[in-house]
Amino acid sequence: MVMSEPSNITLLKEIAELLNEETDMARMLDGAIRKLLSASTFETAWIFFIDEKGKHQLVAQANLPSSLEDNNCRHLQKGGCWCVKRYQDGDLEKASNIIACQRIENAMPAKLRKQGSITHHATVPLQSGKEKFGLLNIAAPDTVGFSKDELALLESVAFQIGSAIKRIGLTKQEQELALVKERNRLARDLHDSVNQLLFSVTLTARGGVEMSEVPEVQETFRDIQHLTQEALNEMRALIWQLRPKGLESGLLDAIKGYGEMLGLAVETKVTGVIQLPSRIEETLFRIAQESLNNVRKHAGVNKVELYLSITATDVLLVLRDEGRGFAFDHGLNLPSIGIQSIRDRAKAEGGTADWSSEIGKGTEILVRIPY
């Protein structure tokens, strides 16, 4: 059954309203395909995002058959297929019927298929202008091809979703820029006010030591000078975290510069070419910052080894020191907020963070992040 023109217009209007109201990418994609399935002849849908390297990611799915849903949608998550290859080759420009689907065949061999099962699907690229984001795939039981009207509807919905993806992406960029501006403003305020006050207290305490002849008073001023200098160092580290200087010159220079500010020598070794997304680069820099802070506060050494390995799929960051070390039980809670912060940052990018440490034998942190 083909939907009537008025029904198509109503559906497109409802989807447009949903897309315009939603600001969260995952909710937007899920809501759009569920709205599409609820008022069309399509019964199953899934969306792939495909990056510049051709790597696909399942980002939304609705009403999948159990064979495709098994093991966390394993057959959709892994491997290749004809529609993704056509997309990668630039041959997929509009909604198309797929004659056969390798993913469906792998999930549901012919001998196990029965009436009412999915065997084929249609696919359409998600794009806004010339910028492409991925694929929208739809299917229905016992259907090997959809009509021109159904494919036209699919193209219209894909166009709407592509425009919404672009809008949400631009909104996120604006929010990130606003956050950077606010962090820079706060860093300037801290530098111009609190930082200068602490520096003044340090000079005053030094003058108090020289002006007083009472040993007890001199010792008190020395304590004030020492504590204020420590607070000044902490403030400089905080300003660095708010506004990382040197990151525009490269990840390694930024890490080395931060280490020098803390009084740490950072020896580096790199394999592979450092061409990372800016988001991943900043995450690695923040993780290195936290790790170097821990070394300065707890390790009792002034030298750190940094190893960076970049492959086509992920990046490995290893930071090693030969300091005091600590007893770390992986079955217990993490021993510090800093370590938990490192793990949270890595996890937020789909990565992992692990530790190896022993009393008197130093600490090694291994962070792996896909990109």
# chains A, B, ... in the order shown; residues from 1 in each chain; ligands from 1
$ select_by_dssp --residues "segment 118-333 of chain A" --states "strand (DSSP E or B)" --output "ChimeraX atom specification"
/A:121-128,131-139,265-271,303-310,314-321
$ write_last_selection --atoms "N, CA and C atoms" --output "short mmCIF file (atom, residue, chain, number, x, y, z; two decimals), in the first residue's frame"
data_model
loop_
_atom_site.label_atom_id
_atom_site.label_comp_id
_atom_site.auth_asym_id
_atom_site.auth_seq_id
_atom_site.Cartn_x
_atom_site.Cartn_y
_atom_site.Cartn_z
N HIS A 121 16.44 -4.15 2.03
CA HIS A 121 16.15 -2.83 2.59
C HIS A 121 16.43 -1.75 1.55
N ALA A 122 15.92 -0.57 1.79
CA ALA A 122 16.23 0.60 0.97
C ALA A 122 17.16 1.51 1.77
N THR A 123 17.93 2.31 1.07
CA THR A 123 18.90 3.16 1.75
C THR A 123 18.92 4.54 1.10
N VAL A 124 19.25 5.56 1.91
CA VAL A 124 19.31 6.92 1.41
C VAL A 124 20.38 7.67 2.22
N PRO A 125 21.22 8.48 1.54
CA PRO A 125 22.23 9.24 2.28
C PRO A 125 21.62 10.37 3.09
N LEU A 126 22.19 10.63 4.24
CA LEU A 126 21.81 11.77 5.07
C LEU A 126 22.81 12.89 4.80
N GLN A 127 22.34 14.01 4.32
CA GLN A 127 23.25 15.09 3.99
C GLN A 127 22.56 16.45 4.10
N SER A 128 23.40 17.48 4.17
CA SER A 128 22.92 18.87 4.15
C SER A 128 23.82 19.61 3.18
N GLU A 131 27.54 18.38 2.37
CA GLU A 131 28.09 17.69 3.54
C GLU A 131 27.26 16.45 3.86
N LYS A 132 27.93 15.28 3.88
CA LYS A 132 27.25 14.03 4.14
C LYS A 132 27.58 13.52 5.55
N PHE A 133 26.60 12.84 6.14
CA PHE A 133 26.75 12.36 7.52
C PHE A 133 26.65 10.85 7.64
N GLY A 134 25.89 10.20 6.76
CA GLY A 134 25.71 8.76 6.89
C GLY A 134 24.53 8.27 6.08
N LEU A 135 23.90 7.19 6.56
CA LEU A 135 22.82 6.54 5.82
C LEU A 135 21.61 6.28 6.71
N LEU A 136 20.44 6.41 6.10
CA LEU A 136 19.19 5.96 6.71
C LEU A 136 18.72 4.73 5.93
N ASN A 137 18.56 3.61 6.61
CA ASN A 137 18.09 2.38 5.99
C ASN A 137 16.72 2.01 6.53
N ILE A 138 15.83 1.57 5.64
CA ILE A 138 14.49 1.14 6.06
C ILE A 138 14.15 -0.19 5.40
N ALA A 139 13.26 -0.94 6.06
CA ALA A 139 12.88 -2.25 5.54
C ALA A 139 11.48 -2.59 6.00
N ALA A 265 60.43 17.61 33.74
CA ALA A 265 60.98 17.37 32.41
C ALA A 265 60.21 16.22 31.77
N VAL A 266 59.63 16.45 30.60
CA VAL A 266 58.82 15.43 29.92
C VAL A 266 59.59 14.92 28.70
N GLU A 267 60.01 13.67 28.76
CA GLU A 267 60.68 13.04 27.62
C GLU A 267 59.63 12.33 26.77
N THR A 268 59.65 12.57 25.47
CA THR A 268 58.59 12.06 24.60
C THR A 268 59.13 11.11 23.54
N LYS A 269 58.28 10.17 23.16
CA LYS A 269 58.55 9.27 22.05
C LYS A 269 57.24 9.06 21.31
N VAL A 270 57.26 9.23 19.99
CA VAL A 270 56.04 9.16 19.20
C VAL A 270 56.21 8.17 18.06
N THR A 271 55.18 7.36 17.83
CA THR A 271 55.11 6.52 16.64
C THR A 271 53.80 6.84 15.92
N LYS A 303 60.93 14.01 36.60
CA LYS A 303 61.09 13.52 35.24
C LYS A 303 59.95 12.56 34.91
N VAL A 304 59.37 12.72 33.71
CA VAL A 304 58.26 11.87 33.27
C VAL A 304 58.54 11.42 31.83
N GLU A 305 58.22 10.17 31.53
CA GLU A 305 58.33 9.66 30.17
C GLU A 305 56.94 9.60 29.55
N LEU A 306 56.81 10.11 28.34
CA LEU A 306 55.54 10.10 27.63
C LEU A 306 55.71 9.35 26.32
N TYR A 307 54.83 8.39 26.09
CA TYR A 307 54.86 7.60 24.85
C TYR A 307 53.52 7.77 24.15
N LEU A 308 53.54 8.16 22.88
CA LEU A 308 52.32 8.38 22.11
C LEU A 308 52.38 7.53 20.84
N SER A 309 51.37 6.68 20.66
CA SER A 309 51.31 5.82 19.48
C SER A 309 49.98 6.05 18.76
N ILE A 310 50.07 6.45 17.48
CA ILE A 310 48.87 6.75 16.70
C ILE A 310 48.74 5.74 15.57
N ASP A 314 43.04 4.28 16.46
CA ASP A 314 43.05 4.78 17.84
C ASP A 314 44.41 5.39 18.19
N VAL A 315 44.46 6.00 19.36
CA VAL A 315 45.69 6.60 19.86
C VAL A 315 45.95 6.07 21.27
N LEU A 316 47.20 5.73 21.55
CA LEU A 316 47.60 5.24 22.87
C LEU A 316 48.54 6.26 23.50
N LEU A 317 48.19 6.70 24.70
CA LEU A 317 49.02 7.62 25.47
C LEU A 317 49.50 6.90 26.72
N VAL A 318 50.81 6.86 26.92
CA VAL A 318 51.39 6.24 28.11
C VAL A 318 52.24 7.27 28.83
N LEU A 319 51.99 7.45 30.12
CA LEU A 319 52.80 8.33 30.97
C LEU A 319 53.41 7.50 32.09
N ARG A 320 54.74 7.58 32.22
CA ARG A 320 55.44 6.73 33.19
C ARG A 320 56.39 7.57 34.03
N ASP A 321 56.38 7.32 35.35
CA ASP A 321 57.36 7.95 36.23
C ASP A 321 57.98 6.89 37.12
#
$ residues_around --residues "segment 104-106 of chain A" --least-positions-apart "4" --cutoff "9 Å" --atoms "only C-alpha atoms" --output "compact mmCIF listing (two decimals) with N, CA and C atoms, in the first residue's frame"
# COMPACT_ATOMS: atom_id res chain seq x y z
N SER A 67 17.11 -11.10 15.05
CA SER A 67 18.37 -11.57 14.48
C SER A 67 19.37 -10.42 14.31
N LEU A 68 18.87 -9.22 13.99
CA LEU A 68 19.75 -8.06 13.87
C LEU A 68 20.02 -7.40 15.22
N HIS A 75 25.67 -7.58 14.02
CA HIS A 75 25.75 -7.63 12.56
C HIS A 75 25.65 -6.24 11.93
N LEU A 76 25.08 -5.28 12.64
CA LEU A 76 25.03 -3.91 12.15
C LEU A 76 26.26 -3.12 12.58
N ALA A 100 20.19 -6.99 -2.28
CA ALA A 100 20.47 -7.94 -1.21
C ALA A 100 21.32 -7.25 -0.15
N ALA A 110 19.52 -17.99 4.81
CA ALA A 110 18.31 -18.34 4.05
C ALA A 110 17.54 -19.50 4.64
N ILE A 118 12.54 -10.00 7.27
CA ILE A 118 13.17 -8.96 6.46
C ILE A 118 14.30 -9.58 5.65
N THR A 119 14.32 -9.32 4.37
CA THR A 119 15.37 -9.84 3.50
C THR A 119 16.11 -8.75 2.74
N HIS A 120 15.46 -7.60 2.50
CA HIS A 120 16.03 -6.51 1.73
C HIS A 120 15.76 -5.19 2.45
$ select_by_dssp --residues "segment 56-280 of chain A" --states "alpha helix (DSSP H)" --output "PyMOL selection string"
chain A and resi 66-77+82-89+102-107+148-190+196-211+215-242+251-262+278-280
$ residues_around --residues "Glu210 of chain A" --least-positions-apart "5" --cutoff "10 Å" --atoms "only C-alpha atoms" --output "PyMOL selection string"
chain A and resi 205+218+221
$ closest_residue --among "A:Thr204, A:Asn302, A:Thr228, A:Thr220" --to "Met261 of chain A" --atoms "only C-alpha atoms"
A:Asn302
$ closest_residue --among "A:Lys85, A:Arg368, A:Arg34, A:Arg206" --to "Thr352 of chain A" --atoms "only C-alpha atoms"
A:Arg368
$ residues_around --residues "Gly351 of chain A" --least-positions-apart "3" --cutoff "9 Å" --atoms "only C-alpha atoms" --output "VMD selection string"
chain A and resid 314 343 345 to 348 367 to 370
$ atom_distance --atom1 "atom CA of Val157 of chain A" --atom2 "atom CA of Leu64 of chain A"
19.3 Å
$ residues_around --residues "segment 189-203 of chain A" --least-positions-apart "5" --cutoff "7 Å" --atoms "only C-alpha atoms" --output "PyMOL selection string"
chain A and resi 225+228-229+232+235
$ atom_distance --atom1 "atom CA of Arg86 of chain A" --atom2 "atom CA of Val144 of chain A"
18.8 Å
$ closest_residue --among "A:Phe146, A:Trp82, A:Tyr371, A:Thr44" --to "Ser278 of chain A" --atoms "only C-alpha atoms"
A:Tyr371
$ residues_around --residues "segment 9-17 of chain A" --least-positions-apart "4" --cutoff "12 Å" --atoms "only C-alpha atoms" --output "VMD selection string"
chain A and resid 3 to 5 21 to 22 28 to 40 152 to 164
